[in-house]
Structure formats: C-alpha cells, structure tokens
$ cat protein-v5.pdb   # PDB, C-alpha atoms, pLDDT in the B column
MODEL        1
ATOM      1  CA  MET A 514     131.450 100.898  99.997  1.00 60.00           C
ATOM      2  CA  ALA A 515     129.070 103.821 100.546  1.00 70.00           C
ATOM      3  CA  VAL A 516     125.457 103.167 101.432  1.00 80.00           C
ATOM      4  CA  TYR A 517     123.192 103.989  98.491  1.00 88.00           C
ATOM      5  CA  VAL A 518     119.674 105.310  99.159  1.00 91.00           C
ATOM      6  CA  ALA A 519     116.831 103.988  96.995  1.00 94.00           C
ATOM      7  CA  ASN A 520     113.155 104.448  97.842  1.00 97.00           C
ATOM      8  CA  LEU A 521     110.628 101.787  96.810  1.00 97.00           C
ATOM      9  CA  GLN A 522     106.875 101.513  96.224  1.00 97.00           C
ATOM     10  CA  VAL A 523     104.980  98.328  97.021  1.00 97.00           C
ATOM     11  CA  ASN A 524     101.317  97.765  96.155  1.00 97.00           C
ATOM     12  CA  GLN A 525      99.348  95.725  98.694  1.00 96.00           C
ATOM     13  CA  GLY A 526      98.135  92.416  97.289  1.00 94.00           C
ATOM     14  CA  SER A 527     100.570  92.443  94.348  1.00 95.00           C
ATOM     15  CA  ASP A 528     103.807  90.630  93.711  1.00 97.00           C
ATOM     16  CA  PHE A 529     106.840  92.912  94.080  1.00 98.00           C
ATOM     17  CA  SER A 530     110.325  92.681  92.619  1.00 98.00           C
ATOM     18  CA  GLN A 531     113.218  95.098  92.249  1.00 97.00           C
ATOM     19  CA  THR A 532     116.678  94.607  90.771  1.00 97.00           C
ATOM     20  CA  PHE A 533     119.794  96.493  91.861  1.00 95.00           C
ATOM     21  CA  ASN A 534     123.283  96.704  90.391  1.00 93.00           C
ATOM     22  CA  LEU A 535     125.963  97.326  92.987  1.00 91.00           C
ATOM     23  CA  ALA A 536     128.849  99.479  91.816  1.00 85.00           C
ATOM     24  CA  ASN A 537     132.371  99.450  93.139  1.00 77.00           C
ATOM     25  CA  THR A 538     133.221 102.785  94.770  1.00 69.00           C
ATOM     26  CA  ILE A 539     136.660 102.684  93.136  1.00 67.00           C
ATOM     27  CA  GLY A 540     136.274 103.215  89.401  1.00 66.00           C
ATOM     28  CA  ASP A 541     133.258 102.495  87.239  1.00 70.00           C
ATOM     29  CA  THR A 542     133.157  98.748  87.758  1.00 80.00           C
ATOM     30  CA  SER A 543     130.510  96.465  89.224  1.00 86.00           C
ATOM     31  CA  PHE A 544     130.955  95.101  92.734  1.00 90.00           C
ATOM     32  CA  ASN A 545     131.791  91.402  92.447  1.00 92.00           C
ATOM     33  CA  LEU A 546     129.454  89.465  94.759  1.00 94.00           C
ATOM     34  CA  THR A 547     131.241  86.132  94.386  1.00 95.00           C
ATOM     35  CA  GLY A 548     131.598  84.748  97.914  1.00 95.00           C
ATOM     36  CA  TYR A 549     128.829  86.945  99.342  1.00 96.00           C
ATOM     37  CA  ALA A 550     125.332  86.321 100.657  1.00 96.00           C
ATOM     38  CA  VAL A 551     122.592  88.954 100.591  1.00 97.00           C
ATOM     39  CA  GLU A 552     119.632  89.647 102.883  1.00 97.00           C
ATOM     40  CA  ALA A 553     117.049  92.420 103.145  1.00 97.00           C
ATOM     41  CA  LYS A 554     114.266  93.282 105.567  1.00 96.00           C
ATOM     42  CA  MET A 555     111.655  95.981 105.925  1.00 96.00           C
ATOM     43  CA  LYS A 556     109.927  97.294 109.052  1.00 94.00           C
ATOM     44  CA  LYS A 557     107.417  99.984 109.878  1.00 91.00           C
ATOM     45  CA  HIS A 558     110.097 101.685 112.020  1.00 87.00           C
ATOM     46  CA  ALA A 559     113.834 100.964 112.240  1.00 84.00           C
ATOM     47  CA  ALA A 560     113.603 100.498 116.018  1.00 83.00           C
ATOM     48  CA  ALA A 561     110.670  98.060 115.778  1.00 71.00           C
ATOM     49  CA  ALA A 562     111.108  94.564 117.185  1.00 72.00           C
ATOM     50  CA  ALA A 563     112.759  92.026 114.897  1.00 68.00           C
ATOM     51  CA  SER A 564     109.577  89.939 114.928  1.00 76.00           C
ATOM     52  CA  THR A 565     107.793  92.711 113.005  1.00 84.00           C
ATOM     53  CA  ALA A 566     110.236  92.606 110.076  1.00 93.00           C
ATOM     54  CA  THR A 567     109.222  91.375 106.644  1.00 95.00           C
ATOM     55  CA  GLN A 568     111.996  89.379 104.984  1.00 96.00           C
ATOM     56  CA  PHE A 569     112.522  89.938 101.257  1.00 98.00           C
ATOM     57  CA  THR A 570     113.462  86.970  99.085  1.00 98.00           C
ATOM     58  CA  CYS A 571     116.965  87.979  97.968  1.00 97.00           C
ATOM     59  CA  THR A 572     118.770  86.533  94.978  1.00 97.00           C
ATOM     60  CA  ILE A 573     122.198  87.219  93.544  1.00 97.00           C
ATOM     61  CA  GLU A 574     121.247  87.294  89.861  1.00 96.00           C
ATOM     62  CA  ASN A 575     124.770  87.841  88.517  1.00 95.00           C
ATOM     63  CA  ALA A 576     127.613  87.801  91.039  1.00 95.00           C
ATOM     64  CA  THR A 577     130.282  89.132  88.675  1.00 93.00           C
ATOM     65  CA  ASN A 578     128.127  92.091  87.625  1.00 93.00           C
ATOM     66  CA  GLY A 579     126.907  92.838  91.161  1.00 93.00           C
ATOM     67  CA  THR A 580     123.249  92.258  90.301  1.00 95.00           C
ATOM     68  CA  ILE A 581     120.801  91.366  93.086  1.00 97.00           C
ATOM     69  CA  SER A 582     117.022  91.187  93.225  1.00 97.00           C
ATOM     70  CA  LEU A 583     114.473  91.526  96.003  1.00 97.00           C
ATOM     71  CA  ALA A 584     110.991  90.033  95.900  1.00 98.00           C
ATOM     72  CA  LEU A 585     107.800  89.808  97.947  1.00 98.00           C
ATOM     73  CA  THR A 586     104.800  87.623  97.169  1.00 98.00           C
ATOM     74  CA  ASP A 587     101.235  88.937  96.934  1.00 96.00           C
ATOM     75  CA  THR A 588     100.542  87.214 100.263  1.00 96.00           C
ATOM     76  CA  GLN A 589     103.415  89.087 101.919  1.00 96.00           C
ATOM     77  CA  THR A 590     102.365  92.464 100.493  1.00 96.00           C
ATOM     78  CA  SER A 591      98.748  91.881 101.547  1.00 94.00           C
ATOM     79  CA  ALA A 592      99.931  91.535 105.150  1.00 94.00           C
ATOM     80  CA  LEU A 593     101.788  94.868 105.110  1.00 94.00           C
ATOM     81  CA  LYS A 594     100.260  97.922 106.740  1.00 93.00           C
ATOM     82  CA  ALA A 595      99.788 100.807 104.300  1.00 95.00           C
ATOM     83  CA  GLY A 596     102.121 103.763 104.748  1.00 96.00           C
ATOM     84  CA  ARG A 597     105.841 104.381 105.070  1.00 96.00           C
ATOM     85  CA  HIS A 598     108.309 101.702 106.088  1.00 96.00           C
ATOM     86  CA  VAL A 599     112.111 101.447 106.057  1.00 96.00           C
ATOM     87  CA  TYR A 600     114.346  98.756 104.571  1.00 96.00           C
ATOM     88  CA  ASP A 601     117.955  97.895 104.025  1.00 96.00           C
ATOM     89  CA  ILE A 602     120.063  95.403 102.108  1.00 96.00           C
ATOM     90  CA  VAL A 603     123.077  93.804 103.778  1.00 96.00           C
ATOM     91  CA  ILE A 604     125.747  91.723 102.069  1.00 95.00           C
ATOM     92  CA  THR A 605     127.837  89.242 104.047  1.00 95.00           C
ATOM     93  CA  ASN A 606     131.286  88.039 103.021  1.00 94.00           C
ATOM     94  CA  THR A 607     130.887  84.292 103.557  1.00 92.00           C
ATOM     95  CA  SER A 608     134.580  83.737 104.305  1.00 92.00           C
ATOM     96  CA  SER A 609     134.977  86.465 106.941  1.00 91.00           C
ATOM     97  CA  THR A 610     131.321  86.965 108.015  1.00 87.00           C
ATOM     98  CA  LEU A 611     131.875  90.729 107.581  1.00 92.00           C
ATOM     99  CA  LYS A 612     128.499  92.420 107.033  1.00 94.00           C
ATOM    100  CA  THR A 613     128.065  95.609 104.998  1.00 92.00           C
ATOM    101  CA  ARG A 614     124.885  97.614 104.485  1.00 94.00           C
ATOM    102  CA  VAL A 615     124.861  98.572 100.801  1.00 94.00           C
ATOM    103  CA  ILE A 616     121.371 100.007 100.160  1.00 95.00           C
ATOM    104  CA  GLU A 617     118.750 101.551 102.416  1.00 96.00           C
ATOM    105  CA  GLY A 618     115.660 103.670 102.042  1.00 96.00           C
ATOM    106  CA  SER A 619     111.973 104.017 102.591  1.00 97.00           C
ATOM    107  CA  VAL A 620     109.170 101.871 101.232  1.00 97.00           C
ATOM    108  CA  LEU A 621     105.776 103.357 100.481  1.00 97.00           C
ATOM    109  CA  VAL A 622     103.185 100.607 100.827  1.00 97.00           C
ATOM    110  CA  ARG A 623     100.148 101.638  98.804  1.00 96.00           C
ATOM    111  CA  GLU A 624      96.732 100.376  99.817  1.00 93.00           C
ATOM    112  CA  GLY A 625      94.804  98.461  97.171  1.00 79.00           C
ATOM    113  CA  VAL A 626      91.173  98.868  96.179  1.00 78.00           C
ATOM    114  CA  THR A 627      90.537  95.550  94.415  1.00 72.00           C
TER
ENDMDL
END
$ encode --input "protein-v5.pdb" --output "structure tokens"
Amino acid sequence: MAVYVANLQVNQGSDFSQTFNLANTIGDTSFNLTGYAVEAKMKKHAAAAASTATQFTCTIENATNGTISLALTDTQTSALKAGRHVYDIVITNTSSTLKTRVIEGSVLVREGVT
C-alpha cells in the first residue's frame, strides 16, 4: 500500500475530527481493515522526542469499507503550539503485528483569538 499524503488544519481550542477512506492499491476497492488496529500521532518535528507527540483518538468507523477517523478534543488542541506540525497514521495487522504507514502529512495549527 502506498503512503497517501493529506494535509490537515487544526484550530486551537476547538474539537477536531477527520475521516479517511483507505483504498486498496489493486483495483478500485476499499482496503478491508478487519483484523487491524489504527494509531496516529502528531509532533512539531518528526525527529522530536516521543514524549512531545500528541496522540489522536483513532477509530475504525467501518472496517469493510476502510473508513477511519481521527479526533482531538478542545483541551488537546489548546495545548498545541501554533504553526506547522507533522503526523502519520499507522495500521497494525493484529495477527502478524506488521505495521504499515498509510497516511502522512503536515498539520497547520491555527492560533485562536477567542
């Protein structure tokens, strides 16, 4: 599976959610996520220490259709530093523990006024 690039915008102090549909690279079918787990993190810089990562809440919305969602609470977004960050989404085959990065990109965290 090729790594897809998708850039995100997050507003400080607001709830955030984004849904993705993973496609199979062979044909025009969805990637079946049955038997997979999903995780996603964002950091200010890819090389930053793991302790500086913000963990997204990841949910497989529809395994058969390859639909996943990421979410951050308003408390989490308030704690983010404004500016550019990087993120990625990794799926793990629960039977073989094989990990695959499926989506990556930048996150623009926009500073709030109110």
$ resolve_selection --input "protein-v5.pdb" --expression "the PyMOL selection byres ((chain A and resi 618) around 9)" --output "number ranges by chain"
A: 517-521, 598-601, 616-617, 619-620
$ closest_residue --input "protein-v5.pdb" --among "A:Ala566, A:Val551, A:Val603, A:Leu593" --to "Val516 in chain A" --atoms "only C-alpha atoms"
A:Val603
$ resolve_selection --input "protein-v5.pdb" --expression "the PyMOL selection byres ((chain A and resi 548) around 9)" --output "PyMOL selection string"
chain A and resi 545-547+549-550+576+605-608
$ resolve_selection --input "protein-v5.pdb" --expression "the PyMOL selection byres ((chain A and resi 592) around 12)" --output "list of chain:residue names"
A:Val523, A:Asn524, A:Gln525, A:Gly526, A:Ser527, A:Thr565, A:Ala566, A:Thr567, A:Leu585, A:Thr586, A:Asp587, A:Thr588, A:Gln589, A:Thr590, A:Ser591, A:Leu593, A:Lys594, A:Ala595, A:Val622, A:Arg623, A:Glu624, A:Gly625
$ residues_around --input "protein-v5.pdb" --residues "Ser582 in chain A" --least-positions-apart "2" --cutoff "8 Å" --atoms "all atoms listed in the file" --output "short mmCIF file (atom, residue, chain, number, x, y, z; two decimals) with C-alpha atoms, keeping the file's coordinate frame"
data_model
loop_
_atom_site.label_atom_id
_atom_site.label_comp_id
_atom_site.auth_asym_id
_atom_site.auth_seq_id
_atom_site.Cartn_x
_atom_site.Cartn_y
_atom_site.Cartn_z
CA SER A 530 110.32 92.68 92.62
CA GLN A 531 113.22 95.10 92.25
CA THR A 532 116.68 94.61 90.77
CA PHE A 533 119.79 96.49 91.86
CA CYS A 571 116.96 87.98 97.97
CA THR A 572 118.77 86.53 94.98
CA ILE A 573 122.20 87.22 93.54
CA GLU A 574 121.25 87.29 89.86
CA THR A 580 123.25 92.26 90.30
CA ALA A 584 110.99 90.03 95.90
#
$ closest_residue --input "protein-v5.pdb" --among "A:Arg597, A:Val615, A:Thr627, A:Thr542" --to "Ala559 in chain A" --atoms "all atoms listed in the file"
A:Arg597
$ closest_residue --input "protein-v5.pdb" --among "A:Asn578, A:Asp528, A:Ala561, A:Gln568" --to "Ser543 in chain A" --atoms "all atoms listed in the file"
A:Asn578
$ atom_distance --input "protein-v5.pdb" --atom1 "CA of Thr610 in chain A" --atom2 "CA of Leu535 in chain A"
19.0 Å
$ axis_aligned_box --input "protein-v5.pdb" --around "range 618-624 of chain A" --padding-each-side "4 Å" --output "AutoDock Vina command-line options"
--center_x 106.2 --center_y 102.2 --center_z 100.7 --size_x 26.9 --size_y 11.6 --size_z 11.8
$ residues_around --input "protein-v5.pdb" --residues "Phe569 in chain A" --least-positions-apart "3" --cutoff "9 Å" --atoms "all atoms listed in the file" --output "list in words"
Glu552, Ala553, Lys554, Met555, Leu583, Ala584 and Leu585 of chain A
$ closest_residue --input "protein-v5.pdb" --among "A:Val626, A:Ile581, A:Lys556, A:Arg614" --to "Ala515 in chain A" --atoms "only C-alpha atoms"
A:Arg614
$ atom_distance --input "protein-v5.pdb" --atom1 "CA of Lys557 in chain A" --atom2 "CA of Asn534 in chain A"
25.3 Å
$ closest_residue --input "protein-v5.pdb" --among "A:Gly579, A:Gly596, A:Thr613, A:Ile602" --to "Phe544 in chain A" --atoms "only C-alpha atoms"
A:Gly579
